[in-house]
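A.B. asks: For reference, this is coords-v6.cif, and it has mmCIF, C-alpha atoms.
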```cif
data_data
loop_
_atom_site.label_atom_id
_atom_site.label_comp_id
_atom_site.auth_asym_id
_atom_site.auth_seq_id
_atom_site.Cartn_x
_atom_site.Cartn_y
_atom_site.Cartn_z
CA MET A 57 157.84 155.94 -34.96
CA LYS A 58 157.81 152.54 -33.33
CA GLY A 59 159.08 149.53 -35.19
CA GLU A 60 155.67 147.92 -35.13
CA CYS A 61 154.06 151.02 -36.65
CA LYS A 62 156.68 151.21 -39.39
CA LYS A 63 156.24 147.55 -40.20
CA LEU A 64 152.45 147.75 -40.42
CA ARG A 65 152.40 150.97 -42.44
CA LYS A 66 154.34 149.16 -45.16
CA LYS A 67 151.31 146.94 -45.54
CA ALA A 68 148.86 149.83 -45.70
CA SER A 69 148.40 149.68 -49.46
CA ALA A 70 147.79 145.92 -49.50
CA TYR A 71 145.47 146.31 -46.51
CA LEU A 72 143.34 148.89 -48.31
CA ASP A 73 143.25 146.72 -51.43
CA GLN A 74 142.42 143.60 -49.37
CA GLU A 75 145.47 141.88 -50.70
CA ILE A 76 146.71 140.57 -47.35
CA SER A 77 145.92 137.46 -45.40
CA GLY A 78 143.20 137.34 -42.75
CA VAL A 79 145.82 137.02 -40.03
CA GLU A 80 147.65 140.14 -41.12
CA LYS A 81 144.41 142.08 -41.46
CA ASP A 82 143.37 141.23 -37.92
CA LYS A 83 146.76 142.31 -36.68
CA ILE A 84 146.47 145.70 -38.37
CA ASP A 85 142.87 146.22 -37.22
CA LYS A 86 143.93 145.56 -33.67
CA HIS A 87 146.86 147.96 -33.93
CA LEU A 88 144.71 150.73 -35.35
CA THR A 89 142.51 150.62 -32.27
CA VAL A 90 145.45 151.48 -30.05
CA CYS A 91 147.57 153.73 -32.30
CA PRO A 92 145.95 157.03 -33.34
CA ASP A 93 148.93 158.05 -35.50
CA CYS A 94 148.68 154.91 -37.58
CA LEU A 95 144.91 155.29 -37.76
CA THR A 96 145.36 158.81 -39.19
CA PHE A 97 147.92 157.53 -41.67
CA PHE A 98 145.69 154.71 -42.88
CA ASN A 99 142.70 157.03 -43.20
CA SER A 100 144.75 159.54 -45.14
CA LEU A 101 145.80 156.90 -47.61
CA LYS A 102 142.20 155.83 -47.95
CA ASN A 103 141.15 159.39 -48.70
CA VAL A 104 143.88 159.70 -51.30
CA TRP A 105 142.52 156.60 -52.96
CA GLU A 106 139.07 158.05 -53.17
CA SER A 107 140.52 161.30 -54.50
CA VAL A 108 142.19 159.42 -57.34
CA GLU A 109 138.80 158.24 -58.47
CA ARG A 110 137.41 161.75 -58.31
CA GLY A 111 140.36 163.05 -60.27
CA LEU A 112 140.18 160.57 -63.11
CA ALA A 113 136.56 159.50 -63.01
CA SER A 114 135.50 161.80 -65.81
CA THR A 115 136.93 159.77 -68.65
CA PRO A 116 135.64 160.98 -72.00
CA GLN A 117 133.40 158.69 -73.96
CA PHE A 118 134.96 157.37 -77.12
CA ASN A 119 133.15 156.21 -80.21
CA ALA A 120 134.09 152.57 -80.74
CA ILE A 121 132.26 152.26 -84.06
CA GLU A 122 134.04 155.25 -85.54
CA ALA A 123 137.33 153.96 -84.18
CA ARG A 124 136.72 150.56 -85.75
CA ARG A 125 135.93 152.16 -89.11
CA LYS A 126 139.15 154.17 -88.88
CA PHE A 127 141.07 151.03 -87.96
CA TRP A 128 139.91 149.03 -90.99
CA SER A 129 140.41 152.02 -93.22
CA SER A 130 144.06 152.20 -92.16
CA ILE A 131 144.44 148.44 -92.77
CA ASP A 132 142.96 148.84 -96.28
CA GLN A 133 145.31 151.70 -97.04
CA LYS A 134 148.31 149.64 -96.05
CA GLU A 135 147.14 146.70 -98.16
CA THR A 136 146.68 148.99 -101.19
CA SER A 137 150.12 150.49 -100.89
CA LYS A 138 151.65 147.02 -100.57
CA ALA A 139 150.05 145.95 -103.89
CA PHE A 140 152.22 148.40 -105.82
CA LEU A 141 155.39 147.07 -104.41
CA PRO A 142 157.17 144.26 -106.21
CA SER A 143 157.12 140.94 -104.48
CA PRO A 144 160.01 140.56 -102.10
CA LEU A 145 161.32 137.63 -104.08
CA ARG A 146 161.40 139.49 -107.37
CA PHE A 147 162.96 142.45 -105.69
CA SER A 148 165.70 140.36 -104.17
CA ARG A 149 166.51 138.68 -107.50
CA ALA A 150 166.70 141.97 -109.36
CA PHE A 151 168.73 143.48 -106.58
CA LEU A 152 171.17 140.59 -106.59
CA THR A 153 171.58 140.82 -110.37
CA ILE A 154 172.33 144.53 -110.23
CA LEU A 155 174.67 144.01 -107.31
CA ILE A 156 176.61 141.40 -109.24
CA LEU A 157 176.91 143.65 -112.26
CA PHE A 158 178.06 146.71 -110.42
CA ILE A 159 180.40 145.04 -108.02
CA ALA A 160 181.66 141.87 -109.62
CA LEU A 161 182.50 143.30 -113.03
CA PRO A 162 184.75 146.10 -111.81
CA ILE A 163 186.42 143.63 -109.46
CA GLY A 164 186.96 141.33 -112.42
CA PHE A 165 188.55 144.08 -114.46
CA LEU A 166 190.71 145.11 -111.57
CA LEU A 167 191.94 141.58 -110.95
CA GLY A 168 192.62 141.15 -114.62
CA SER A 169 194.78 144.22 -114.82
CA ILE A 170 196.72 143.28 -111.70
CA PHE A 171 197.50 139.71 -112.63
CA SER A 172 197.83 140.09 -116.33
CA SER A 173 201.27 139.26 -117.73
CA THR A 174 200.76 141.45 -120.76
CA ILE A 175 201.12 145.20 -120.62
CA ILE A 176 200.44 146.81 -123.92
CA GLU A 177 201.25 150.46 -124.36
CA LYS A 178 200.93 152.65 -127.33
CA SER A 179 202.78 155.72 -128.19
CA GLU A 180 203.08 157.63 -131.34
CA SER A 181 206.42 157.92 -132.96
CA THR A 182 207.71 161.16 -134.37
CA THR A 183 206.97 159.81 -137.85
CA GLY A 184 203.40 159.14 -136.84
CA GLU A 185 203.64 155.42 -136.96
CA VAL A 186 202.22 153.46 -134.14
CA ILE A 187 204.62 151.39 -132.23
CA SER A 188 203.54 148.50 -130.23
CA THR A 189 205.83 146.99 -127.77
CA GLU A 190 205.32 143.80 -126.05
CA THR A 191 205.88 142.60 -122.60
CA LEU A 192 208.42 144.74 -120.91
CA GLN A 193 209.34 143.04 -117.74
CA ASP A 194 211.08 146.13 -116.65
CA PRO A 195 209.79 149.54 -117.59
CA ALA A 196 213.40 150.52 -118.10
CA ASP A 197 213.40 148.15 -121.09
CA PHE A 198 210.84 150.28 -122.81
CA TYR A 199 212.93 153.34 -122.46
CA SER A 200 216.02 151.45 -123.58
CA PHE A 201 214.11 150.36 -126.63
CA ILE A 202 213.03 153.82 -127.45
CA LYS A 203 216.56 155.06 -127.12
CA ASN A 204 218.12 152.20 -129.01
CA PRO A 205 215.66 149.99 -130.88
CA SER A 206 218.25 147.50 -132.03
CA SER A 207 217.20 144.25 -133.64
CA ASP A 208 218.99 142.32 -130.91
CA TYR A 209 216.83 143.95 -128.44
CA LEU A 210 213.76 143.20 -130.46
CA GLU A 211 214.69 139.56 -130.91
CA GLY A 212 214.58 139.10 -127.21
CA MET A 213 211.02 140.08 -127.19
CA THR A 214 207.89 138.12 -128.06
CA ILE A 215 205.07 139.99 -129.48
CA SER A 216 201.48 139.20 -129.74
CA LEU A 217 199.69 142.04 -131.25
CA GLY A 218 196.60 140.32 -132.37
CA ASP A 219 194.54 141.32 -129.42
CA LEU A 220 195.82 144.86 -129.50
CA ASN A 221 195.04 145.31 -133.21
CA ASN A 222 191.69 143.77 -132.83
CA SER A 223 190.84 145.95 -129.92
CA ASN A 224 191.95 148.97 -131.94
CA GLY A 225 189.66 147.87 -134.70
CA THR A 226 192.49 147.20 -137.16
CA ASN A 227 192.77 144.01 -139.05
CA SER A 228 195.83 141.97 -138.73
CA ASN A 229 196.30 138.70 -140.48
CA ASN A 230 199.51 138.06 -138.71
CA SER A 231 199.09 137.92 -135.03
CA SER A 232 202.81 138.24 -134.61
CA GLU A 233 203.14 141.34 -136.70
CA ARG A 234 205.60 143.82 -135.51
CA ARG A 235 205.59 147.41 -136.27
CA ILE A 236 208.68 149.17 -135.32
CA LEU A 237 209.92 152.62 -135.38
CA GLN A 238 211.34 153.49 -138.74
CA MET B 50 132.51 127.89 -64.29
CA ASN B 51 133.19 131.46 -63.34
CA PRO B 52 131.28 133.65 -65.84
CA LEU B 53 134.35 135.79 -66.22
CA GLU B 54 136.42 132.77 -67.17
CA LYS B 55 133.84 131.81 -69.79
CA ILE B 56 134.02 135.25 -71.33
CA THR B 57 137.78 135.05 -71.27
CA ASP B 58 137.70 131.71 -73.05
CA GLN B 59 135.43 133.14 -75.70
CA ASP B 60 137.80 136.02 -76.26
CA THR B 61 140.72 133.67 -76.57
CA GLU B 62 138.75 131.62 -79.07
CA LEU B 63 137.97 134.76 -81.03
CA MET B 64 141.63 135.67 -81.10
CA LEU B 65 142.52 132.21 -82.34
CA ARG B 66 140.02 132.75 -85.14
CA VAL B 67 141.75 136.03 -85.92
CA LYS B 68 144.99 134.09 -86.06
CA ALA B 69 143.36 131.85 -88.66
CA GLY B 70 142.44 134.91 -90.71
CA ASP B 71 138.96 135.77 -89.47
CA SER B 72 138.73 139.55 -89.56
CA GLU B 73 135.15 139.53 -88.35
CA ALA B 74 136.32 137.97 -85.10
CA PHE B 75 138.76 140.84 -84.73
CA SER B 76 135.96 143.37 -85.20
CA ILE B 77 134.10 141.74 -82.34
CA LEU B 78 137.14 141.93 -80.08
CA PHE B 79 137.75 145.50 -81.16
CA GLU B 80 134.29 146.67 -80.17
CA LYS B 81 134.41 144.76 -76.93
CA TYR B 82 137.76 146.04 -75.71
CA TYR B 83 138.09 149.43 -77.38
CA GLN B 84 136.59 151.45 -74.54
CA LYS B 85 138.75 149.71 -71.94
CA VAL B 86 141.91 150.20 -73.97
CA VAL B 87 141.31 153.82 -74.87
CA SER B 88 140.22 154.68 -71.34
CA LEU B 89 143.38 153.17 -69.92
CA CYS B 90 145.41 155.14 -72.46
CA TRP B 91 143.53 158.31 -71.64
CA ARG B 92 143.95 157.95 -67.89
CA TYR B 93 147.63 157.40 -68.38
CA ILE B 94 148.41 159.90 -71.13
CA GLN B 95 145.76 162.46 -70.17
CA ASN B 96 145.35 163.62 -73.77
CA THR B 97 142.32 162.63 -75.84
CA GLU B 98 143.95 162.68 -79.27
CA LEU B 99 147.05 160.79 -78.16
CA ALA B 100 144.94 158.28 -76.28
CA GLN B 101 142.90 157.52 -79.39
CA ASP B 102 146.05 157.20 -81.49
CA ALA B 103 147.61 154.94 -78.88
CA ALA B 104 144.52 152.73 -78.81
CA GLN B 105 144.59 152.40 -82.62
CA GLU B 106 148.24 151.42 -82.45
CA VAL B 107 147.52 148.81 -79.79
CA PHE B 108 144.89 147.15 -81.94
CA LEU B 109 147.13 147.40 -85.01
CA LYS B 110 149.88 145.68 -83.10
CA ILE B 111 147.54 142.89 -82.03
CA PHE B 112 146.20 142.50 -85.55
CA ASN B 113 149.61 142.48 -87.21
CA THR B 114 151.03 139.92 -84.78
CA ALA B 115 147.95 137.70 -84.77
CA LYS B 116 149.80 134.89 -86.55
CA LYS B 117 152.20 134.65 -83.61
CA TYR B 118 149.49 134.71 -80.94
CA ARG B 119 149.73 132.05 -78.28
CA PRO B 120 147.14 131.92 -75.49
CA THR B 121 149.50 131.79 -72.53
CA ALA B 122 147.22 134.06 -70.50
CA SER B 123 143.65 135.27 -70.75
CA PHE B 124 142.98 137.56 -73.68
CA SER B 125 142.14 140.46 -71.39
CA THR B 126 145.54 140.15 -69.71
CA TYR B 127 147.14 139.93 -73.14
CA ILE B 128 145.49 143.09 -74.44
CA TYR B 129 146.15 144.97 -71.23
CA ARG B 130 149.78 143.96 -71.34
CA ILE B 131 150.17 145.31 -74.86
CA THR B 132 148.35 148.51 -73.90
CA VAL B 133 150.46 149.08 -70.79
CA ASN B 134 153.72 148.45 -72.63
CA HIS B 135 152.63 150.75 -75.41
CA CYS B 136 151.73 153.54 -73.00
CA LEU B 137 154.95 153.20 -71.04
CA ASN B 138 157.11 153.04 -74.18
CA GLU B 139 155.14 155.66 -76.08
CA LEU B 140 155.39 158.19 -73.32
CA ARG B 141 159.05 157.45 -72.81
CA GLU B 142 159.66 158.05 -76.53
CA LYS B 143 157.63 161.24 -76.54
CA ARG B 144 159.60 162.52 -73.60
CA ARG B 145 162.73 162.09 -75.67
CA HIS B 146 161.19 163.77 -78.71
CA PRO B 147 158.37 165.91 -77.43
CA THR B 148 155.99 167.30 -79.98
CA ILE B 149 153.43 168.35 -77.45
CA SER B 150 153.70 169.16 -73.81
CA LEU B 151 153.35 166.07 -71.69
CA ASP B 152 153.50 167.80 -68.40
CA TYR B 153 150.26 167.96 -66.61
CA GLU B 154 148.43 169.85 -68.84
CA ALA B 155 146.39 172.70 -68.11
CA ASN B 156 146.10 172.58 -71.86
CA ASN B 157 144.24 169.30 -71.52
CA ILE B 158 141.67 170.69 -69.22
CA ASN B 159 139.64 173.57 -70.45
CA GLN B 160 138.30 175.96 -67.96
CA ASP B 161 134.80 175.15 -69.03
CA ASP B 162 135.38 171.43 -69.45
CA SER B 163 131.97 170.01 -68.84
CA SER B 164 133.26 166.46 -68.46
CA LEU B 165 134.86 167.55 -65.23
CA LEU B 166 131.65 168.92 -63.91
CA GLU B 167 129.71 165.78 -64.74
CA SER B 168 131.23 163.95 -61.83
CA LEU B 169 130.57 166.73 -59.42
CA PRO B 170 127.33 167.02 -57.52
CA SER B 171 125.49 169.81 -59.18
CA GLU B 172 122.58 170.21 -56.85
CA ASN B 173 122.72 172.30 -53.72
CA GLN B 174 126.20 173.44 -54.50
CA SER B 175 127.22 177.01 -54.78
CA PRO B 176 129.35 178.17 -57.69
CA ARG B 177 132.21 178.62 -55.27
CA GLU B 178 131.95 175.02 -54.08
CA ILE B 179 131.86 173.80 -57.65
CA ALA B 180 134.92 175.89 -58.48
CA ILE B 181 136.78 174.51 -55.48
CA LYS B 182 135.98 170.94 -56.40
CA LYS B 183 137.06 171.58 -59.97
CA GLU B 184 140.35 172.92 -58.67
CA ILE B 185 140.74 169.83 -56.49
CA GLN B 186 140.24 167.55 -59.47
CA THR B 187 142.83 169.50 -61.41
CA GLU B 188 145.29 169.16 -58.55
CA ILE B 189 144.65 165.44 -58.23
CA ARG B 190 145.17 164.86 -61.92
CA LYS B 191 148.33 166.96 -61.84
CA ALA B 192 149.64 164.96 -58.91
CA ILE B 193 148.86 161.67 -60.64
CA SER B 194 150.54 162.82 -63.85
CA GLU B 195 153.69 163.63 -61.91
CA LEU B 196 154.02 160.14 -60.51
CA PRO B 197 156.76 157.96 -61.97
CA GLU B 198 155.48 156.00 -64.98
CA LYS B 199 155.12 152.59 -63.39
CA GLN B 200 153.57 153.92 -60.21
CA ARG B 201 151.03 155.85 -62.26
CA MET B 202 150.20 152.80 -64.33
CA ALA B 203 149.81 150.61 -61.24
CA ILE B 204 147.46 153.16 -59.66
CA ILE B 205 145.31 153.29 -62.80
CA LEU B 206 145.14 149.53 -63.20
CA LYS B 207 144.17 149.06 -59.59
CA ARG B 208 141.76 151.94 -59.14
CA PHE B 209 139.89 151.86 -62.44
CA ASP B 210 140.26 148.37 -63.79
CA ASN B 211 140.25 146.89 -60.31
CA LEU B 212 142.80 144.28 -61.21
CA SER B 213 144.24 142.10 -58.48
CA TYR B 214 147.89 142.50 -57.58
CA GLU B 215 148.56 139.25 -59.38
CA LYS B 216 146.85 140.46 -62.58
CA ILE B 217 148.62 143.80 -62.37
CA GLY B 218 151.88 141.89 -62.03
CA GLU B 219 151.08 139.79 -65.10
CA THR B 220 150.13 142.89 -67.04
CA MET B 221 153.15 144.93 -66.07
CA GLY B 222 155.56 142.02 -66.03
CA CYS B 223 156.50 142.24 -62.37
CA SER B 224 155.96 140.33 -59.14
CA VAL B 225 153.12 140.79 -56.66
CA GLY B 226 155.62 142.25 -54.19
CA ALA B 227 156.73 144.80 -56.78
CA VAL B 228 153.11 145.78 -57.42
CA ASP B 229 152.56 146.25 -53.69
CA SER B 230 155.64 148.42 -53.53
CA LEU B 231 154.58 150.52 -56.53
CA LEU B 232 151.12 151.16 -55.10
CA GLN B 233 152.45 151.89 -51.63
CA ARG B 234 154.92 154.44 -52.93
CA ALA B 235 152.39 155.98 -55.30
CA ARG B 236 149.84 156.46 -52.55
CA TYR B 237 152.42 157.90 -50.21
CA THR B 238 153.66 160.33 -52.88
CA LEU B 239 150.11 161.46 -53.60
CA LEU B 240 149.48 161.93 -49.91
CA LYS B 241 152.48 164.20 -49.61
CA LYS B 242 151.51 166.20 -52.71
CA LEU B 243 147.91 166.62 -51.66
CA LYS B 244 148.59 166.97 -47.95
CA LYS B 245 147.64 170.62 -47.91
CA ASN B 246 144.18 169.88 -49.20
CA PHE B 247 143.76 167.09 -46.70
CA ARG B 248 144.77 169.35 -43.85
CA GLU B 249 142.23 171.90 -44.93
CA GLY B 250 139.62 169.20 -44.97
CA ILE B 251 138.81 169.73 -48.58
CA PHE B 252 139.24 166.08 -49.50
#
```
Write the structure described by the file as C-alpha cells, please.
C.D. replies:
Amino acid sequence: MKGECKKLRKKASAYLDQEISGVEKDKIDKHLTVCPDCLTFFNSLKNVWESVERGLASTPQFNAIEARRKFWSSIDQKETSKAFLPSPLRFSRAFLTILILFIALPIGFLLGSIFSSTIIEKSESTTGEVISTETLQDPADFYSFIKNPSSDYLEGMTISLGDLNNSNGTNSNNSSERRILQ
Amino acid sequence: MNPLEKITDQDTELMLRVKAGDSEAFSILFEKYYQKVVSLCWRYIQNTELAQDAAQEVFLKIFNTAKKYRPTASFSTYIYRITVNHCLNELREKRRHPTISLDYEANNINQDDSSLLESLPSENQSPREIAIKKEIQTEIRKAISELPEKQRMAIILKRFDNLSYEKIGETMGCSVGAVDSLLQRARYTLLKKLKKNFREGIF
C-alpha cells in the first residue's frame, strides 16, 4: 500500500462522519477517483456503518411511566427504611460511650495493677486464720515471712489493711490492724 | 438561539430545581431522558432486564447526587456521561462476577423475536430472504458485542445518538483524536469480522 493511501485511510472514519476539514475532504475525494483499492475500502467501511444500524435498530420500547413509578417507589422504600435508623449523631454518641466503657475501663484497671505500689495477697494459714501481708518488695520476703514470721521482720513492714478488709466486706476500725499467723 | 441550546438550558434549569429539592422537576427530566438512557444501555448491554436496571441506577445516581450538581456542561452531556460510565463500569464488574452470560447472547435473541423482524422489509420477501437477513442482524450484533468496551460505546454514541466527536469526547472523557481512533478501529474490526458477508454481497 502506498504511503498516501495509508495516510488517507486513517482518516476514513472521520471522513464518513464528516468530521474533517473541507480541505482534507477534497483531498480524499480526489484520491478516491484515482485509487480503486481505497475506493473499495471506503465503501466497505460505509457499508459496515449501515450494517450497524440494521443490527441495532430494533431497540425495544420501554415504558417510561412504569419506570418512573418504579423509581419513586424505590426512593420511598429507602426513605422508610432510613426512618427506623437512629440519627447518626445519636448513634455516634452512644457508640462513643460504649467504646469508652469497654476499652477505657479495662485499660484503667490494667494500668492500676501495673503501677500500684501495693500488692495484697491472701492465704489461709493452717489454723484457718487469714493472714494479710503488706507490701513485699521482694516476693522472697513473703516466703521468708512464712518460714520465719519474726516480730523483727514484721516491724520492718507497714501495713494498711483497711482497703483489704473493706473490700472483703469485713469491718475494721483500725486501719493498721495486723493479723498474723498464730 | 439554537433550539437545541434552549432545550438544554431548560434541562439544566430543571436540574438546578432538583438540586433545590424539587422532585417534580426530576420527574420531568426522568420522562424526557428515560428512553434515551435505557436505549443506550440496551444497545451496549444487549439485555433488556439489565438495561432497565442500569437505567434505574443512572437516575438514582443523578437524584442522590443532585445536591452536588454543577452545570459545567449541558444536561444531556451530563446524563450521557453518567450513563456511559455506568455501562462501562457495570459491565466490567459483571465480567469479574458474572451472574449471567454477557457474551453475545443467543439467549438474548429469541428465534421468533418479532422486534428483529420489525426492521426488516416484510413485503415481497421470501421466508428464506427474511431468515438470511435475520441471521445477518444476529451476526452484526454479535460482532458489535465483541468489540472492546470503549470502541463499542463510541460506535453506539455516534451511530444512534449521532453525537459529534467533540460531544462523544466530553461524554467518554477523552479527546477528539481518541474518539476518531476508537471509531476507526471499531469500524475496521467490524469490517474484518463481517468480511465474509460483504464478499458474498449480502450486506
A.B. asks: Please write the residues picked by the PyMOL selection byres ((chain A) within 8 of (chain B)) on this file as an MDAnalysis selection string.
C.D. replies: chainID A and resid 66:70 75 100:101 103:105 107:118 120:121 123:124 127
A.B. asks: How would you write, as a ChimeraX atom specification, the residues chosen by the PyMOL selection byres ((chain B and resi 61) around 12) on this structure?
C.D. replies: /B:54-60,62-68,74-75,77-78,115,118-128
A.B. asks: Using all atoms listed in the file, which of B:Gly70, B:Leu212, B:Ile131, B:Pro197 sits nearest Lys116 (chain B)?
C.D. replies: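 Selected residue with least distance to Lys116 (chain B): B:Gly70.
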A.B. asks: Can you sort out the box for region 99-112 of chain A, edges along x, y and z, all listed atoms in, 6 Å on every side, with centre and edge lengths in Å to one decimal, as AutoDock Vina command-line options?
C.D. replies:
```
--center_x 141.6 --center_y 159.4 --center_z -53.2 --size_x 20.4 --size_y 19.2 --size_z 31.9
```
A.B. asks: Check which residues satisfy the PyMOL selection byres ((chain A and resi 62) around 12) in the file shown, then give them as a ChimeraX atom specification.
C.D. replies: /A:57-61,63-68,84,87,91,93-94,97
A.B. asks: Quick one, how far is CA of Arg141 (chain B) from CA of Asp73 (chain A)?
C.D. replies: 28.7 Å
A.B. asks: Using all atoms listed in the file, pick whichever of B:Arg130, B:Lys242, B:Val86, B:Thr114 has the shortest atom-to-atom distance to Leu196 (chain B).
C.D. replies: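 Distance minimum relative to Leu196 (chain B) lands on B:Lys242.
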A.B. asks: Give me, please, the distance in Å between CA of Val133 (chain B) and CA of Cys90 (chain B), quoted to one decimal.
C.D. replies: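 Those two atoms sit 8.1 Å apart.
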